[in-house]
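*Asks:* Below is upload01.cif; it holds mmCIF, C-alpha atoms.
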```cif
data_coords
loop_
_atom_site.label_atom_id
_atom_site.label_comp_id
_atom_site.auth_asym_id
_atom_site.auth_seq_id
_atom_site.Cartn_x
_atom_site.Cartn_y
_atom_site.Cartn_z
CA MET O 1 -9.36 25.24 10.82
CA LYS O 2 -8.30 22.34 13.04
CA VAL O 3 -4.67 21.28 12.74
CA LEU O 4 -2.73 18.21 13.79
CA PHE O 5 1.04 18.70 14.03
CA LEU O 6 2.62 15.36 13.18
CA ASP O 7 5.95 13.85 14.10
CA ILE O 8 6.74 10.59 12.28
CA ASP O 9 9.52 8.70 14.08
CA GLY O 10 8.15 7.41 17.37
CA VAL O 11 4.60 8.08 16.18
CA LEU O 12 4.00 6.28 12.86
CA ASN O 13 6.97 3.99 13.33
CA SER O 14 8.34 2.77 16.62
CA THR O 15 10.74 0.37 18.24
CA ARG O 16 7.94 -2.20 17.96
CA THR O 17 7.67 -1.77 14.18
CA CYS O 18 11.46 -1.58 13.83
CA VAL O 19 11.85 -4.98 15.49
CA ALA O 20 8.93 -6.47 13.54
CA PHE O 21 10.13 -5.22 10.15
CA GLY O 22 13.91 -5.32 10.64
CA GLY O 23 14.65 -1.60 10.80
CA PHE O 24 13.21 1.88 10.68
CA PRO O 25 11.79 3.02 7.34
CA MET O 26 14.04 5.70 5.85
CA GLN O 27 11.90 6.72 2.87
CA LEU O 28 8.24 7.13 2.08
CA ASP O 29 8.36 4.20 -0.36
CA HIS O 30 9.00 1.95 2.66
CA ILE O 31 5.34 2.48 3.65
CA ALA O 32 4.83 -1.20 4.57
CA ALA O 33 7.37 -0.78 7.41
CA PHE O 34 5.28 1.95 9.06
CA ASP O 35 2.68 1.10 11.69
CA GLN O 36 -0.48 0.64 9.62
CA VAL O 37 -2.73 0.77 12.70
CA ALA O 38 -1.18 4.09 13.75
CA ILE O 39 -1.71 5.47 10.24
CA ARG O 40 -5.35 4.32 10.24
CA LEU O 41 -5.99 5.86 13.65
CA LEU O 42 -4.61 9.22 12.50
CA GLN O 43 -6.66 9.00 9.30
CA ARG O 44 -9.71 8.48 11.47
CA VAL O 45 -8.84 11.49 13.65
CA CYS O 46 -8.61 13.65 10.54
CA ASP O 47 -11.78 12.20 9.00
CA ASN O 48 -13.78 12.61 12.23
CA THR O 49 -12.57 16.11 13.08
CA GLY O 50 -11.86 17.65 9.68
CA ALA O 51 -8.32 18.37 10.89
CA LYS O 52 -5.56 19.15 8.44
CA VAL O 53 -2.03 17.94 9.14
CA VAL O 54 1.17 19.97 9.36
CA LEU O 55 4.39 17.97 9.26
CA SER O 56 6.53 18.94 12.26
CA SER O 57 8.79 15.90 12.02
CA ALA O 58 12.45 15.98 11.02
CA TRP O 59 11.12 14.19 7.91
CA ARG O 60 10.02 17.66 6.73
CA LEU O 61 13.69 18.34 5.96
CA HIS O 62 14.12 15.52 3.42
CA CYS O 63 10.69 14.73 2.01
CA ASN O 64 7.98 16.81 0.43
CA PHE O 65 4.98 17.21 2.72
CA ALA O 66 2.54 16.58 -0.17
CA ASP O 67 4.32 13.29 -0.94
CA ALA O 68 4.06 12.33 2.74
CA GLY O 69 0.35 13.13 2.64
CA ARG O 70 -0.17 10.80 -0.31
CA ALA O 71 1.93 8.03 1.24
CA PHE O 72 0.08 8.11 4.57
CA GLY O 73 -3.36 9.00 3.21
CA LEU O 74 -3.43 12.09 5.43
CA PRO O 75 -4.43 15.66 4.53
CA ILE O 76 -0.93 17.12 5.02
CA ILE O 77 -1.14 20.76 3.95
CA ASP O 78 2.18 22.20 5.11
CA ARG O 79 5.26 21.78 7.25
CA THR O 80 6.85 23.79 10.01
CA ASP O 81 9.90 25.89 9.18
CA ASN O 82 13.53 24.81 9.34
CA GLY O 83 14.27 27.31 12.10
CA MET O 84 16.30 26.72 15.19
CA GLY O 85 14.98 26.01 18.63
CA PRO O 86 12.72 23.37 20.09
CA ARG O 87 9.93 21.84 18.04
CA GLY O 88 7.39 23.76 20.11
CA SER O 89 8.91 27.04 18.90
CA GLN O 90 8.68 25.91 15.26
CA ILE O 91 5.03 24.98 15.80
CA GLN O 92 4.33 28.30 17.53
CA ARG O 93 5.81 30.25 14.59
CA TRP O 94 3.50 28.34 12.23
CA LEU O 95 0.49 29.08 14.45
CA ASP O 96 1.42 32.76 14.89
CA ALA O 97 1.48 33.25 11.10
CA ARG O 98 -2.24 32.28 10.88
CA ASP O 99 -5.47 33.67 12.25
CA ASP O 100 -7.85 30.87 11.24
CA ILE O 101 -6.88 28.15 13.73
CA GLU O 102 -9.80 27.08 15.93
CA ALA O 103 -8.04 24.09 17.55
CA TYR O 104 -4.79 22.21 17.24
CA ALA O 105 -3.18 19.06 18.56
CA ILE O 106 0.44 17.98 18.55
CA ILE O 107 1.51 14.32 18.49
CA ASP O 108 5.19 13.65 19.11
CA ASP O 109 7.47 11.35 21.08
CA ASP O 110 9.67 14.27 22.19
CA SER O 111 8.65 16.71 24.91
CA ASP O 112 10.16 19.96 23.61
CA MET O 113 6.85 21.82 23.49
CA LEU O 114 6.16 25.25 24.94
CA PRO O 115 4.20 25.49 28.22
CA GLN O 116 1.15 26.99 26.48
CA GLN O 117 1.05 24.00 24.09
CA LEU O 118 0.89 21.26 26.73
CA ALA O 119 -2.93 21.10 26.79
CA SER O 120 -2.82 20.33 23.04
CA PHE O 121 0.10 17.90 23.23
CA VAL O 122 -0.16 14.11 23.05
CA LYS O 123 3.15 12.44 23.85
CA THR O 124 3.75 9.01 22.41
CA ASN O 125 6.25 6.46 23.62
CA ALA O 126 8.89 5.78 20.95
CA GLU O 127 8.65 2.08 21.75
CA ASP O 128 4.97 1.85 20.78
CA GLY O 129 4.02 4.93 18.72
CA VAL O 130 0.33 5.81 18.42
CA THR O 131 -1.82 3.88 20.88
CA TRP O 132 -5.54 3.72 21.60
CA SER O 133 -4.96 6.25 24.42
CA SER O 134 -3.16 8.59 22.00
CA PHE O 135 -6.07 8.34 19.57
CA LYS O 136 -8.65 9.11 22.28
CA ALA O 137 -6.62 12.10 23.50
CA LEU O 138 -6.34 13.53 19.97
CA CYS O 139 -10.08 13.11 19.47
CA ARG O 140 -10.77 14.89 22.76
CA ILE O 141 -8.46 17.81 21.92
CA LEU O 142 -9.91 18.21 18.40
CA GLY O 143 -13.53 17.75 19.48
CA ALA O 144 -14.56 14.31 18.26
CA ASP O 145 -16.02 11.20 19.84
CA PRO O 146 -13.48 8.37 19.37
CA TYR O 147 -16.32 5.84 19.08
CA GLU O 148 -18.04 7.59 16.17
CA GLY O 149 -17.19 7.68 12.50
CA GLN O 150 -16.22 4.93 10.13
CA PRO O 151 -12.79 3.58 9.29
CA ARG O 152 -11.60 4.00 5.72
CA ASN O 153 -11.50 1.14 3.25
CA ARG O 154 -12.96 -1.55 5.45
CA ASN O 155 -12.38 -4.45 3.09
CA TRP O 156 -13.51 -7.31 5.27
CA GLN O 157 -15.13 -10.40 3.87
CA GLN O 158 -18.92 -10.55 3.81
CA GLY O 159 -20.29 -11.31 7.25
CA GLY O 160 -17.74 -9.20 9.13
CA GLN O 161 -19.35 -7.14 11.87
CA GLN O 162 -18.53 -3.67 13.04
CA LEU O 163 -17.76 -3.43 16.74
CA ASP O 164 -20.68 -2.42 18.95
CA TRP O 165 -19.47 0.14 21.48
CA SER O 166 -22.90 0.73 23.05
CA ASP O 167 -22.03 -1.23 26.21
CA GLN O 168 -18.76 0.64 26.76
#
```
Could you express the structure from this file as structure tokens?
*Replies:*
Amino acid sequence: MKVLFLDIDGVLNSTRTCVAFGGFPMQLDHIAAFDQVAIRLLQRVCDNTGAKVVLSSAWRLHCNFADAGRAFGLPIIDRTDNGMGPRGSQIQRWLDARDDIEAYAIIDDDSDMLPQQLASFVKTNAEDGVTWSSFKALCRILGADPYEGQPRNRNWQQGGQQLDWSDQ
């Protein structure tokens, strides 16, 4: 199984979205205040790689991970424990309890990961959250081509064209 460990603050919402929408979302029903492009990019990572998501965010302490999965349209299957220590230690305990993990990636705006996790870690900037570079790095770690696959729910008017990346 491929797993994406997901932080929320600084990843799916950011200083940029806070300024644009007048504050940080504090509940899942404030979904419109989250960065919709960031959400779509993570959906695409999961769709293209088959990765499942484990909530490693502090949000795991006050919201149900299944509810978060529905709100964000992500395959969130679990959360890390409430144990002490850096986030990297919580992630490592989750990984150590399983023997079916073929690859994992971590996306977070904090750097408290363990040294052995750094090759799987994508650090976001809390000011911007998920960026194109973050998306490409996650795809690389989880074994997907960032230029392949289709976005979900492309509801453009007739005549809209998909981008042609062949010259890139």
*Asks:* Kindly provide, as a PyMOL selection string, the polymer residues lying within 12 Å of (-5.6, 9.0, 9.5), counting only C-alpha atoms and using the coordinates exactly as they appear in the file.
*Replies:* chain O and resi 4+6+12+35-53+69-76+130+135+138-139+150-153
*Asks:* One decimal, in Å: what's the spacing between CA of Ala68 in chain O and CA of Met113 in chain O?
*Replies:*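 Interatomic distance here is 23.0 Å.
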*Asks:* Find the spatial neighbours of Thr15 in chain O, counting all atoms listed in the file, within a cut-off of 9 Å - ignore same-chain residues fewer than 6 positions away - and output them as a ChimeraX atom specification.
*Replies:* /O:23-24,126-129
*Asks:* With C-alpha atoms kept, could you save the residues just selected as an mmCIF file, in the frame of the given file?
*Replies:*
```cif
data_model
loop_
_atom_site.group_PDB
_atom_site.id
_atom_site.type_symbol
_atom_site.label_atom_id
_atom_site.label_comp_id
_atom_site.auth_asym_id
_atom_site.auth_seq_id
_atom_site.Cartn_x
_atom_site.Cartn_y
_atom_site.Cartn_z
ATOM 1 C CA GLY O 23 14.650 -1.600 10.800
ATOM 2 C CA PHE O 24 13.210 1.880 10.680
ATOM 3 C CA ALA O 126 8.890 5.780 20.950
ATOM 4 C CA GLU O 127 8.650 2.080 21.750
ATOM 5 C CA ASP O 128 4.970 1.850 20.780
ATOM 6 C CA GLY O 129 4.020 4.930 18.720
#
```
*Asks:* For this file, the PyMOL selection byres ((chain O and resi 9) around 10) selects which residues, as a PDB file with C-alpha atoms, in the frame of the given file?
*Replies:*
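File selection29.pdb, as written:
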```
ATOM      1  CA  LEU O   6       2.620  15.360  13.180  1.00  0.00           C
ATOM      2  CA  ASP O   7       5.950  13.850  14.100  1.00  0.00           C
ATOM      3  CA  ILE O   8       6.740  10.590  12.280  1.00  0.00           C
ATOM      4  CA  GLY O  10       8.150   7.410  17.370  1.00  0.00           C
ATOM      5  CA  VAL O  11       4.600   8.080  16.180  1.00  0.00           C
ATOM      6  CA  LEU O  12       4.000   6.280  12.860  1.00  0.00           C
ATOM      7  CA  ASN O  13       6.970   3.990  13.330  1.00  0.00           C
ATOM      8  CA  SER O  14       8.340   2.770  16.620  1.00  0.00           C
ATOM      9  CA  THR O  15      10.740   0.370  18.240  1.00  0.00           C
ATOM     10  CA  PHE O  24      13.210   1.880  10.680  1.00  0.00           C
ATOM     11  CA  PRO O  25      11.790   3.020   7.340  1.00  0.00           C
ATOM     12  CA  MET O  26      14.040   5.700   5.850  1.00  0.00           C
ATOM     13  CA  PHE O  34       5.280   1.950   9.060  1.00  0.00           C
ATOM     14  CA  SER O  57       8.790  15.900  12.020  1.00  0.00           C
ATOM     15  CA  ALA O  58      12.450  15.980  11.020  1.00  0.00           C
ATOM     16  CA  TRP O  59      11.120  14.190   7.910  1.00  0.00           C
ATOM     17  CA  ASP O 108       5.190  13.650  19.110  1.00  0.00           C
ATOM     18  CA  ASP O 109       7.470  11.350  21.080  1.00  0.00           C
ATOM     19  CA  ASP O 110       9.670  14.270  22.190  1.00  0.00           C
ATOM     20  CA  ALA O 126       8.890   5.780  20.950  1.00  0.00           C
ATOM     21  CA  GLY O 129       4.020   4.930  18.720  1.00  0.00           C
TER      22      GLY O 129
END
```
*Asks:* Near Asp100 in chain O, counting all atoms listed in the file, which residues have an atom at most 12 Å away, once you skip same-chain residues fewer than 6 positions from it, shown as a list in words?
*Replies:*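 Those residues are Met1, Lys2, Val3 and Trp94 of chain O.
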*Asks:* Figure out the distance between CA of Asp29 in chain O and CA of Ala105 in chain O, please, to one decimal in Å.
*Replies:*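 Atom-to-atom, CA of Ala105 in chain O to CA of Asp29 in chain O, that is 26.7 Å.
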*Asks:* Please measure the separation of CA of Ala144 in chain O and CA of Tyr104 in chain O, giving the value in Å to one decimal.
*Replies:*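 If I compute the distance from CA of Ala144 in chain O to CA of Tyr104 in chain O, I get 12.6 Å.
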*Asks:* Counting only C-alpha atoms, figure out which residue out of O:Leu95, O:Ala103, O:Leu28, O:Cys18 gets nearest to Ser120 in chain O.
*Replies:*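 For Ser120 in chain O, the nearest of the given residues is O:Ala103.
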*Asks:* Between O:Asn82, O:Val54, O:Phe5, O:Ala33, which residue has the minimum interatomic distance to Ala20 in chain O, considering all atoms listed in the file?
*Replies:*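 Smallest separation from Ala20 in chain O among the options: O:Ala33.
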